$ cat upload_15.cif   # mmCIF, C-alpha atoms and all ligand atoms
data_coords
#
loop_
_atom_site.group_PDB
_atom_site.id
_atom_site.type_symbol
_atom_site.label_atom_id
_atom_site.label_comp_id
_atom_site.auth_asym_id
_atom_site.auth_seq_id
_atom_site.Cartn_x
_atom_site.Cartn_y
_atom_site.Cartn_z
ATOM 1 C CA MET A 1469 0.000 0.000 0.000
ATOM 2 C CA SER A 1470 1.190 3.529 -0.727
ATOM 3 C CA GLU A 1471 1.972 5.952 2.053
ATOM 4 C CA ALA A 1472 -1.075 8.015 1.131
ATOM 5 C CA GLY A 1473 -3.213 4.878 1.256
ATOM 6 C CA ARG A 1474 -1.870 3.891 4.646
ATOM 7 C CA ALA A 1475 -2.714 7.296 6.032
ATOM 8 C CA GLN A 1476 -6.405 6.500 5.433
ATOM 9 C CA VAL A 1477 -6.785 3.115 7.118
ATOM 10 C CA PRO A 1478 -6.394 2.058 10.736
ATOM 11 C CA ALA A 1479 -2.907 0.791 11.557
ATOM 12 C CA ILE A 1480 -4.483 -1.973 13.634
ATOM 13 C CA GLU A 1481 -8.095 -2.978 13.916
ATOM 14 C CA PHE A 1482 -9.700 -5.654 16.062
ATOM 15 C CA ARG A 1483 -13.216 -6.696 15.111
ATOM 16 C CA GLU A 1484 -15.240 -8.677 17.624
ATOM 17 C CA LEU A 1485 -12.181 -10.551 18.799
ATOM 18 C CA THR A 1486 -12.808 -13.473 21.099
ATOM 19 C CA ARG A 1487 -10.227 -15.733 22.673
ATOM 20 C CA ALA A 1488 -10.428 -18.313 25.415
ATOM 21 C CA PHE A 1489 -7.772 -20.436 27.074
ATOM 22 C CA GLY A 1490 -9.390 -23.693 28.000
ATOM 23 C CA ARG A 1491 -12.630 -22.742 29.693
ATOM 24 C CA LYS A 1492 -11.456 -19.279 30.573
ATOM 25 C CA SER A 1493 -12.743 -16.688 28.159
ATOM 26 C CA VAL A 1494 -10.318 -13.753 28.122
ATOM 27 C CA LEU A 1495 -11.396 -11.683 25.120
ATOM 28 C CA ARG A 1496 -15.153 -11.543 24.653
ATOM 29 C CA GLY A 1497 -15.665 -9.315 21.653
ATOM 30 C CA VAL A 1498 -12.910 -6.726 21.518
ATOM 31 C CA ASN A 1499 -13.454 -3.921 19.030
ATOM 32 C CA LEU A 1500 -10.663 -1.420 18.685
ATOM 33 C CA VAL A 1501 -9.325 0.890 16.000
ATOM 34 C CA VAL A 1502 -5.816 2.312 16.200
ATOM 35 C CA PRO A 1503 -5.579 5.313 13.853
ATOM 36 C CA PRO A 1504 -2.364 5.575 11.823
ATOM 37 C CA GLY A 1505 0.336 7.777 13.294
ATOM 38 C CA GLN A 1506 -1.301 7.922 16.701
ATOM 39 C CA THR A 1507 -0.402 6.469 20.077
ATOM 40 C CA LEU A 1508 -3.136 4.452 21.727
ATOM 41 C CA THR A 1509 -2.815 3.078 25.233
ATOM 42 C CA ILE A 1510 -4.725 0.055 26.453
ATOM 43 C CA LEU A 1511 -5.330 0.239 30.181
ATOM 44 C CA GLY A 1512 -6.637 -2.627 32.221
ATOM 45 C CA GLY A 1513 -6.086 -4.562 35.388
ATOM 46 C CA SER A 1514 -3.659 -7.406 35.738
ATOM 47 C CA GLY A 1515 -4.937 -10.456 33.891
ATOM 48 C CA SER A 1516 -7.535 -8.486 31.930
ATOM 49 C CA GLY A 1517 -6.049 -9.630 28.617
ATOM 50 C CA LYS A 1518 -3.885 -6.701 27.542
ATOM 51 C CA SER A 1519 -0.913 -8.831 26.508
ATOM 52 C CA VAL A 1520 -3.266 -11.280 24.820
ATOM 53 C CA CYS A 1521 -4.690 -8.403 22.764
ATOM 54 C CA LEU A 1522 -1.278 -7.207 21.634
ATOM 55 C CA LYS A 1523 -0.185 -10.692 20.624
ATOM 56 C CA HIS A 1524 -3.165 -10.931 18.269
ATOM 57 C CA ALA A 1525 -1.924 -7.896 16.372
ATOM 58 C CA ILE A 1526 1.156 -9.766 15.164
ATOM 59 C CA GLY A 1527 -0.367 -13.215 14.922
ATOM 60 C CA LEU A 1528 1.405 -14.642 17.971
ATOM 61 C CA LEU A 1529 -2.059 -15.646 19.118
ATOM 62 C CA ARG A 1530 -5.033 -16.380 16.911
ATOM 63 C CA PRO A 1531 -8.587 -15.470 17.822
ATOM 64 C CA ASP A 1532 -11.335 -18.032 18.303
ATOM 65 C CA SER A 1533 -13.536 -15.670 16.326
ATOM 66 C CA GLY A 1534 -13.366 -12.140 14.988
ATOM 67 C CA ARG A 1535 -10.873 -10.468 12.682
ATOM 68 C CA VAL A 1536 -7.504 -8.775 13.003
ATOM 69 C CA LEU A 1537 -6.627 -6.173 10.399
ATOM 70 C CA VAL A 1538 -3.191 -4.610 9.988
ATOM 71 C CA GLU A 1539 -3.064 -1.539 7.773
ATOM 72 C CA GLY A 1540 -6.386 -2.584 6.301
ATOM 73 C CA VAL A 1541 -5.325 -6.133 5.503
ATOM 74 C CA ASP A 1542 -7.073 -9.034 7.224
ATOM 75 C CA ILE A 1543 -4.276 -11.161 8.706
ATOM 76 C CA THR A 1544 -6.542 -13.452 10.713
ATOM 77 C CA GLY A 1545 -5.921 -16.478 8.568
ATOM 78 C CA TYR A 1546 -2.307 -15.745 7.701
ATOM 79 C CA THR A 1547 0.248 -18.529 7.670
ATOM 80 C CA GLU A 1548 3.395 -18.272 9.781
ATOM 81 C CA ARG A 1549 5.257 -17.384 6.633
ATOM 82 C CA GLN A 1550 2.898 -14.543 5.766
ATOM 83 C CA LEU A 1551 3.113 -13.271 9.329
ATOM 84 C CA ILE A 1552 6.863 -12.829 9.036
ATOM 85 C CA ALA A 1553 6.248 -10.045 6.550
ATOM 86 C CA VAL A 1554 3.708 -8.448 8.897
ATOM 87 C CA ARG A 1555 6.205 -8.510 11.765
ATOM 88 C CA LYS A 1556 8.661 -6.565 9.722
ATOM 89 C CA ASN A 1557 6.310 -3.568 9.850
ATOM 90 C CA VAL A 1558 4.768 -4.227 13.243
ATOM 91 C CA SER A 1559 7.181 -4.978 16.036
ATOM 92 C CA MET A 1560 6.641 -5.673 19.671
ATOM 93 C CA VAL A 1561 8.488 -4.744 22.837
ATOM 94 C CA PHE A 1562 7.700 -7.693 25.074
ATOM 95 C CA GLN A 1563 6.765 -7.490 28.712
ATOM 96 C CA GLY A 1564 10.099 -8.299 30.411
ATOM 97 C CA ALA A 1565 12.204 -7.366 27.342
ATOM 98 C CA ALA A 1566 12.741 -11.005 26.253
ATOM 99 C CA LEU A 1567 16.383 -10.606 25.245
ATOM 100 C CA PHE A 1568 18.461 -13.598 24.231
ATOM 101 C CA ASP A 1569 20.670 -14.143 27.282
ATOM 102 C CA SER A 1570 23.494 -15.833 25.401
ATOM 103 C CA LEU A 1571 23.796 -13.028 22.858
ATOM 104 C CA ASP A 1572 25.387 -9.676 23.575
ATOM 105 C CA VAL A 1573 23.480 -6.435 23.111
ATOM 106 C CA TYR A 1574 24.801 -5.995 19.583
ATOM 107 C CA GLU A 1575 23.522 -9.387 18.458
ATOM 108 C CA ASN A 1576 20.215 -8.898 20.232
ATOM 109 C CA VAL A 1577 19.527 -5.649 18.389
ATOM 110 C CA ALA A 1578 20.951 -7.005 15.126
ATOM 111 C CA TYR A 1579 18.737 -10.092 15.326
ATOM 112 C CA PRO A 1580 15.697 -8.740 13.427
ATOM 113 C CA LEU A 1581 18.026 -7.026 10.953
ATOM 114 C CA ARG A 1582 19.691 -10.315 10.095
ATOM 115 C CA GLU A 1583 16.248 -11.920 9.687
ATOM 116 C CA HIS A 1584 14.731 -9.292 7.431
ATOM 117 C CA TRP A 1585 17.349 -7.045 5.968
ATOM 118 C CA ARG A 1586 19.973 -7.904 3.432
ATOM 119 C CA ALA A 1587 22.720 -5.531 4.477
ATOM 120 C CA SER A 1588 26.449 -5.499 5.045
ATOM 121 C CA GLU A 1589 27.855 -5.928 8.534
ATOM 122 C CA ALA A 1590 28.908 -2.284 8.457
ATOM 123 C CA GLU A 1591 25.334 -1.197 7.747
ATOM 124 C CA ILE A 1592 24.025 -3.468 10.484
ATOM 125 C CA GLY A 1593 26.603 -2.127 12.944
ATOM 126 C CA ASP A 1594 25.641 1.388 12.024
ATOM 127 C CA ARG A 1595 21.934 0.745 12.543
ATOM 128 C CA VAL A 1596 22.563 -1.026 15.873
ATOM 129 C CA ALA A 1597 24.621 1.935 17.089
ATOM 130 C CA ARG A 1598 21.922 4.400 16.069
ATOM 131 C CA CYS A 1599 19.166 2.417 17.768
ATOM 132 C CA LEU A 1600 21.159 2.157 20.988
ATOM 133 C CA ALA A 1601 21.867 5.872 20.893
ATOM 134 C CA ALA A 1602 18.146 6.528 20.370
ATOM 135 C CA VAL A 1603 17.326 4.743 23.634
ATOM 136 C CA GLY A 1604 20.116 6.526 25.473
ATOM 137 C CA LEU A 1605 22.508 3.581 25.595
ATOM 138 C CA PRO A 1606 25.362 4.338 23.230
ATOM 139 C CA GLY A 1607 28.321 1.996 23.301
ATOM 140 C CA VAL A 1608 26.847 -0.946 25.212
ATOM 141 C CA GLU A 1609 27.103 -3.328 22.263
ATOM 142 C CA ARG A 1610 29.439 -5.806 23.885
ATOM 143 C CA LEU A 1611 27.600 -6.210 27.183
ATOM 144 C CA LEU A 1612 25.563 -9.324 27.879
ATOM 145 C CA PRO A 1613 21.953 -9.004 29.084
ATOM 146 C CA ALA A 1614 23.014 -10.337 32.499
ATOM 147 C CA GLU A 1615 25.315 -7.323 32.857
ATOM 148 C CA LEU A 1616 22.479 -4.823 32.347
ATOM 149 C CA SER A 1617 20.121 -3.276 34.861
ATOM 150 C CA GLY A 1618 16.385 -3.866 34.412
ATOM 151 C CA GLY A 1619 15.970 -0.422 32.896
ATOM 152 C CA MET A 1620 18.781 -0.982 30.437
ATOM 153 C CA ARG A 1621 17.322 -4.331 29.418
ATOM 154 C CA LYS A 1622 13.978 -2.680 28.706
ATOM 155 C CA ARG A 1623 15.670 -0.054 26.594
ATOM 156 C CA VAL A 1624 17.653 -2.643 24.648
ATOM 157 C CA GLY A 1625 14.291 -4.346 24.017
ATOM 158 C CA VAL A 1626 13.025 -1.065 22.578
ATOM 159 C CA ALA A 1627 16.194 -0.660 20.491
ATOM 160 C CA ARG A 1628 15.598 -4.101 19.013
ATOM 161 C CA ALA A 1629 11.964 -3.265 18.283
ATOM 162 C CA ILE A 1630 12.840 -0.077 16.398
ATOM 163 C CA ALA A 1631 15.773 -1.602 14.489
ATOM 164 C CA LEU A 1632 13.756 -2.372 11.374
ATOM 165 C CA GLU A 1633 12.116 1.048 11.472
ATOM 166 C CA PRO A 1634 8.659 -0.492 11.753
ATOM 167 C CA ARG A 1635 5.548 1.530 11.067
ATOM 168 C CA VAL A 1636 3.791 0.185 14.139
ATOM 169 C CA ILE A 1637 5.302 -0.593 17.549
ATOM 170 C CA LEU A 1638 3.503 -2.491 20.286
ATOM 171 C CA TYR A 1639 4.846 -1.847 23.774
ATOM 172 C CA ASP A 1640 3.858 -4.277 26.511
ATOM 173 C CA GLU A 1641 4.459 -2.634 29.896
ATOM 174 C CA PRO A 1642 7.512 -0.718 28.680
ATOM 175 C CA THR A 1643 8.162 1.084 31.962
ATOM 176 C CA THR A 1644 7.181 -1.361 34.671
ATOM 177 C CA GLY A 1645 9.933 -1.602 37.248
ATOM 178 C CA LEU A 1646 11.897 1.379 35.932
ATOM 179 C CA ASP A 1647 12.927 4.378 37.984
ATOM 180 C CA PRO A 1648 11.220 7.707 37.173
ATOM 181 C CA ALA A 1649 14.067 8.974 34.963
ATOM 182 C CA ASN A 1650 14.008 5.848 32.828
ATOM 183 C CA GLN A 1651 10.222 5.849 32.734
ATOM 184 C CA ARG A 1652 10.284 9.381 31.392
ATOM 185 C CA ARG A 1653 12.945 8.463 28.862
ATOM 186 C CA ILE A 1654 10.806 5.652 27.445
ATOM 187 C CA GLY A 1655 7.819 7.978 27.228
ATOM 188 C CA GLU A 1656 9.871 10.562 25.377
ATOM 189 C CA LEU A 1657 11.153 7.902 23.015
ATOM 190 C CA ILE A 1658 7.625 6.793 22.133
ATOM 191 C CA ARG A 1659 6.668 10.408 21.423
ATOM 192 C CA ASP A 1660 9.853 11.050 19.495
ATOM 193 C CA LEU A 1661 9.343 8.056 17.191
ATOM 194 C CA GLN A 1662 5.845 9.273 16.499
ATOM 195 C CA ARG A 1663 6.995 12.798 15.730
ATOM 196 C CA ARG A 1664 10.060 11.978 13.680
ATOM 197 C CA LEU A 1665 8.986 8.830 11.869
ATOM 198 C CA GLY A 1666 5.205 8.858 12.080
ATOM 199 C CA VAL A 1667 5.246 5.601 14.006
ATOM 200 C CA THR A 1668 1.923 4.283 15.291
ATOM 201 C CA SER A 1669 2.181 2.947 18.827
ATOM 202 C CA VAL A 1670 0.004 0.737 20.939
ATOM 203 C CA VAL A 1671 1.070 0.885 24.562
ATOM 204 C CA VAL A 1672 -0.118 -1.489 27.226
ATOM 205 C CA THR A 1673 0.381 -0.259 30.744
ATOM 206 C CA HIS A 1674 -1.252 0.261 34.062
ATOM 207 C CA GLU A 1675 0.897 3.291 34.728
ATOM 208 C CA LEU A 1676 -1.268 6.340 34.344
ATOM 209 C CA GLU A 1677 1.603 8.780 34.142
ATOM 210 C CA LEU A 1678 3.035 7.071 31.077
ATOM 211 C CA CYS A 1679 -0.424 6.696 29.613
ATOM 212 C CA PHE A 1680 -1.235 10.388 29.719
ATOM 213 C CA ALA A 1681 2.291 11.427 28.758
ATOM 214 C CA VAL A 1682 2.210 9.569 25.437
ATOM 215 C CA SER A 1683 -1.375 8.847 24.417
ATOM 216 C CA ASP A 1684 -3.545 10.394 21.784
ATOM 217 C CA ARG A 1685 -6.210 7.825 22.570
ATOM 218 C CA VAL A 1686 -6.892 5.584 25.529
ATOM 219 C CA ALA A 1687 -8.924 2.388 25.758
ATOM 220 C CA LEU A 1688 -9.906 0.516 28.888
ATOM 221 C CA LEU A 1689 -10.077 -3.261 28.675
ATOM 222 C CA LYS A 1690 -12.392 -4.817 31.196
ATOM 223 C CA ASP A 1691 -14.279 -8.093 31.344
ATOM 224 C CA GLY A 1692 -12.950 -9.052 27.936
ATOM 225 C CA ARG A 1693 -14.199 -5.979 26.123
ATOM 226 C CA ILE A 1694 -13.216 -2.389 25.525
ATOM 227 C CA ALA A 1695 -15.341 -0.835 28.227
ATOM 228 C CA ALA A 1696 -14.509 2.720 27.168
ATOM 229 C CA GLU A 1697 -12.359 4.433 24.575
ATOM 230 C CA GLY A 1698 -11.638 8.018 23.649
ATOM 231 C CA SER A 1699 -9.072 10.768 23.364
ATOM 232 C CA ALA A 1700 -6.706 11.085 26.310
ATOM 233 C CA ASP A 1701 -8.591 14.183 27.493
ATOM 234 C CA GLU A 1702 -11.988 12.541 27.122
ATOM 235 C CA MET A 1703 -10.835 9.559 29.112
ATOM 236 C CA ARG A 1704 -9.266 11.672 31.817
ATOM 237 C CA GLU A 1705 -12.569 13.493 32.257
ATOM 238 C CA SER A 1706 -14.808 10.490 31.651
ATOM 239 C CA GLN A 1707 -17.549 9.771 34.141
ATOM 240 C CA HIS A 1708 -17.812 6.156 33.013
ATOM 241 C CA PRO A 1709 -17.723 4.175 36.266
ATOM 242 C CA ALA A 1710 -15.109 1.671 35.086
ATOM 243 C CA VAL A 1711 -12.856 4.481 33.860
ATOM 244 C CA ARG A 1712 -13.256 6.441 37.073
ATOM 245 C CA ALA A 1713 -12.589 3.328 39.110
ATOM 246 C CA PHE A 1714 -9.443 2.610 37.156
ATOM 247 C CA LEU A 1715 -8.109 6.143 37.149
ATOM 248 C CA GLU A 1716 -8.808 6.606 40.817
ATOM 249 C CA GLY A 1717 -6.723 3.630 41.641
ATOM 250 C CA ILE A 1718 -9.291 1.129 42.671
ATOM 251 C CA GLN A 1719 -8.562 -0.977 39.649
ATOM 252 C CA ASP A 1720 -8.072 -4.004 41.812
ATOM 253 C CA ALA A 1721 -11.670 -3.933 42.872
ATOM 254 C CA ALA A 1722 -12.781 -2.896 39.392
ATOM 255 C CA ASN A 1723 -10.912 -5.458 37.373
ATOM 256 C CA GLN A 1724 -10.652 -8.634 39.254
ATOM 257 C CA ASP A 1725 -13.936 -10.024 38.165
ATOM 258 C CA ASP A 1726 -13.047 -13.512 37.124
ATOM 259 C CA PRO A 1727 -14.085 -13.899 33.473
ATOM 260 C CA ARG A 1728 -14.788 -17.561 34.153
ATOM 261 C CA GLU A 1729 -17.678 -16.603 36.342
ATOM 262 C CA GLY A 1730 -19.529 -14.887 33.565
ATOM 263 C CA VAL A 1731 -19.480 -11.440 35.132
ATOM 264 C CA ASP A 1732 -20.505 -9.189 32.334
ATOM 265 C CA GLY A 1733 -19.874 -5.488 32.497
ATOM 266 C CA ARG A 1734 -21.677 -5.010 35.791
ATOM 267 C CA PHE A 1735 -20.275 -2.618 38.316
ATOM 268 C CA ALA A 1736 -20.361 -2.967 42.020
ATOM 269 C CA PRO A 1737 -22.526 -0.255 43.527
ATOM 270 C CA GLU A 1738 -20.447 2.495 44.979
ATOM 271 C CA GLY A 1739 -20.236 3.598 48.531
HETATM 272 N N1 LIG B 1 -0.774 -18.776 26.511
HETATM 273 C C1 LIG B 1 -1.698 -18.767 27.483
HETATM 274 N N2 LIG B 1 -2.213 -19.928 27.943
HETATM 275 C C2 LIG B 1 -3.168 -19.936 28.901
HETATM 276 N N3 LIG B 1 -3.664 -18.828 29.472
HETATM 277 C C3 LIG B 1 -3.176 -17.656 29.065
HETATM 278 C C4 LIG B 1 -2.167 -17.555 28.051
HETATM 279 N N4 LIG B 1 -1.882 -16.267 27.849
HETATM 280 C C5 LIG B 1 -2.674 -15.580 28.700
HETATM 281 N N5 LIG B 1 -3.444 -16.402 29.419
HETATM 282 C C6 LIG B 1 -4.444 -15.990 30.433
HETATM 283 O O1 LIG B 1 -5.204 -14.932 29.901
HETATM 284 C C7 LIG B 1 -5.479 -13.948 30.904
HETATM 285 C C8 LIG B 1 -5.010 -12.604 30.405
HETATM 286 O O2 LIG B 1 -3.592 -12.611 30.318
HETATM 287 P P1 LIG B 1 -2.731 -11.370 29.876
HETATM 288 O O3 LIG B 1 -1.338 -11.814 29.944
HETATM 289 O O4 LIG B 1 -3.224 -10.852 28.586
HETATM 290 O O5 LIG B 1 -3.068 -10.326 31.026
HETATM 291 P P2 LIG B 1 -2.553 -8.829 31.133
HETATM 292 O O6 LIG B 1 -3.750 -7.934 31.063
HETATM 293 O O7 LIG B 1 -1.466 -8.602 30.167
HETATM 294 O O8 LIG B 1 -2.015 -8.813 32.650
HETATM 295 P P3 LIG B 1 -0.667 -8.136 33.266
HETATM 296 O O9 LIG B 1 -1.029 -6.688 33.509
HETATM 297 O O10 LIG B 1 -0.506 -8.867 34.559
HETATM 298 O O11 LIG B 1 0.447 -8.342 32.310
HETATM 299 C C9 LIG B 1 -4.761 -14.421 32.153
HETATM 300 O O12 LIG B 1 -5.713 -15.033 32.982
HETATM 301 C C10 LIG B 1 -3.762 -15.425 31.660
HETATM 302 O O13 LIG B 1 -3.537 -16.414 32.610
HETATM 303 MG MG MG B 2 0.535 -8.401 30.306
#

$ encode --input "upload_15.cif" --output "structure tokens"
Amino acid sequence: MSEAGRAQVPAIEFRELTRAFGRKSVLRGVNLVVPPGQTLTILGGSGSGKSVCLKHAIGLLRPDSGRVLVEGVDITGYTERQLIAVRKNVSMVFQGAALFDSLDVYENVAYPLREHWRASEAEIGDRVARCLAAVGLPGVERLLPAELSGGMRKRVGVARAIALEPRVILYDEPTTGLDPANQRRIGELIRDLQRRLGVTSVVVTHELELCFAVSDRVALLKDGRIAAEGSADEMRESQHPAVRAFLEGIQDAANQDDPREGVDGRFAPEG
């Protein structure tokens, strides 16, 4: 698709996505549109299915029903081979960074480049250096993951995700466990990639500060559905009870309905 064409269609779209694991139904009809060039954050309690949602966008999980569209193309039935091409344009920063422990930082960041990019070692080295500089870690190429702090590991995970200059980046809890300075740095990086390269981002987090620092749009996942969605300002001001409950920090009470028990969008009376 041409650049002009891509500017018209959602970067990612979920249509009536359902997914169960065994008897536990996690996604129960998720509808979500991520506009191109924007940053959308999915909020939700622990275990609400945020990571499961993200994994559907790159075909790491397949829905029981519903459709997944990437840049207007239905990838729901794609083969593993077809998905490789999708993952070149849509990359994911995994919860917990997921670096290869036996490979040094250089090889970790170079990994997707070697998979997808026919380039000389000099070009690869150049790209690796630029990606590490972009996440504020110049010169750490020869360190092993075990020699990095948690925050550095996260940032190397981001460097690897941006190495192929993808059009869409999915961030699963990119700041959890980081100190405030590193949290801010990741937020700035997400914004910077959007501004400079027009990258679309989907961020999964339960950290409100990051959410409102980076998001154009915010969606709340609850009971297997998008309970509410809107611009960052709309969501901040929303009077929707589930949104208020989440934003006011009682997400534990609001989100720990066990999907197995068939609780369906009901809210506990307040007070
Ligand atoms: N591969 C899997 N096999 C079985 N169950 C799974 C699998 N992946 C996720 N689940 C279940 O689906 C539910 C949602 O998981 P998910 O990881 O998406 O939660 P989350 O919203 O990302 O939570 P957290 O904020 O803790 O990361 C959980 O109950 C989890 O146990
Ligand atoms: Mg998760």

$ residues_around --input "upload_15.cif" --residues "Leu1715 of chain A" --least-positions-apart "6" --cutoff "10 Å" --atoms "only C-alpha atoms" --output "MDAnalysis selection string"
chainID A and resid 1511 1674:1676 1703:1706 1709

$ atom_distance --input "upload_15.cif" --atom1 "atom CA of Gly1512 of chain A" --atom2 "atom CA of Arg1555 of chain A"
24.9 Å

$ residues_near_ligand --input "upload_15.cif" --ligand "ligand MG 2 (chain B)" --cutoff "8 Å" --atoms "all atoms listed in the file" --output "compact mmCIF listing (two decimals) with C-alpha atoms, keeping the file's coordinate frame"
# COMPACT_ATOMS: atom_id res chain seq x y z
CA SER A 1514 -3.66 -7.41 35.74
CA GLY A 1515 -4.94 -10.46 33.89
CA GLY A 1517 -6.05 -9.63 28.62
CA LYS A 1518 -3.88 -6.70 27.54
CA SER A 1519 -0.91 -8.83 26.51
CA VAL A 1520 -3.27 -11.28 24.82
CA GLN A 1563 6.76 -7.49 28.71
CA ASP A 1640 3.86 -4.28 26.51
CA GLU A 1641 4.46 -2.63 29.90
CA VAL A 1672 -0.12 -1.49 27.23

$ residues_around --input "upload_15.cif" --residues "segment 1471-1473 of chain A" --least-positions-apart "2" --cutoff "10 Å" --atoms "all atoms listed in the file" --output "PDB file with C-alpha atoms, keeping the file's coordinate frame"
ATOM      1  CA  MET A1469       0.000   0.000   0.000  1.00  0.00           C
ATOM      2  CA  ALA A1475      -2.714   7.296   6.032  1.00  0.00           C
ATOM      3  CA  GLN A1476      -6.405   6.500   5.433  1.00  0.00           C
ATOM      4  CA  VAL A1477      -6.785   3.115   7.118  1.00  0.00           C
ATOM      5  CA  GLU A1539      -3.064  -1.539   7.773  1.00  0.00           C
ATOM      6  CA  GLY A1540      -6.386  -2.584   6.301  1.00  0.00           C
TER       7      GLY A1540
END

$ closest_residue --input "upload_15.cif" --among "A:Gly1692, A:Pro1503, A:Gly1645, A:Gly1618" --to "ligand LIG 1 (chain B)" --atoms "all atoms listed in the file"
A:Gly1692

$ axis_aligned_box --input "upload_15.cif" --around "ligand LIG 1 (chain B)" --padding-each-side "8 Å" --output "lines of an AutoDock Vina configuration file"
center_x = -2.6
center_y = -13.3
center_z = 30.5
size_x = 22.2
size_y = 29.2
size_z = 24.0

$ resolve_selection --input "upload_15.cif" --expression "the PyMOL selection byres (((chain A and resi 1648-1659) around 8) and not hetatm)" --output "list of chain:residue names"
A:Ala1602, A:Val1603, A:Gly1619, A:Arg1623, A:Pro1642, A:Thr1643, A:Leu1646, A:Asp1647, A:Asp1660, A:Leu1661, A:Gln1662, A:Arg1663, A:Ser1669, A:Leu1678, A:Ala1681, A:Val1682

$ residues_near_ligand --input "upload_15.cif" --ligand "ligand LIG 1 (chain B)" --cutoff "12 Å" --atoms "all atoms listed in the file" --output "PyMOL selection string"
chain A and resi 1486-1496+1510-1524+1528-1530+1562-1564+1639-1642+1644+1671-1675+1688-1693+1719-1720+1723-1728

$ resolve_selection --input "upload_15.cif" --expression "the PyMOL selection byres (((chain A and resi 1566) around 12) and not hetatm)" --output "list in words"
Met1560, Val1561, Phe1562, Gln1563, Gly1564, Ala1565, Leu1567, Phe1568, Asp1569, Ser1570, Leu1571, Asn1576, Val1577, Pro1613, Gly1618, Arg1621, Lys1622, Arg1623, Val1624, Gly1625, Val1626, Arg1628, Ala1629, Asp1640 and Pro1642 of chain A

$ atom_distance --input "upload_15.cif" --atom1 "atom CA of Asp1701 of chain A" --atom2 "atom CA of Phe1482 of chain A"
22.9 Å

$ atom_distance --input "upload_15.cif" --atom1 "atom CA of Arg1610 of chain A" --atom2 "atom CA of Arg1586 of chain A"
22.6 Å

$ resolve_selection --input "upload_15.cif" --expression "the PyMOL selection byres (((chain A and resi 1609) around 10) and not hetatm)" --output "number ranges by chain"
A: 1572-1577, 1593, 1596-1597, 1600, 1605-1608, 1610-1612, 1624
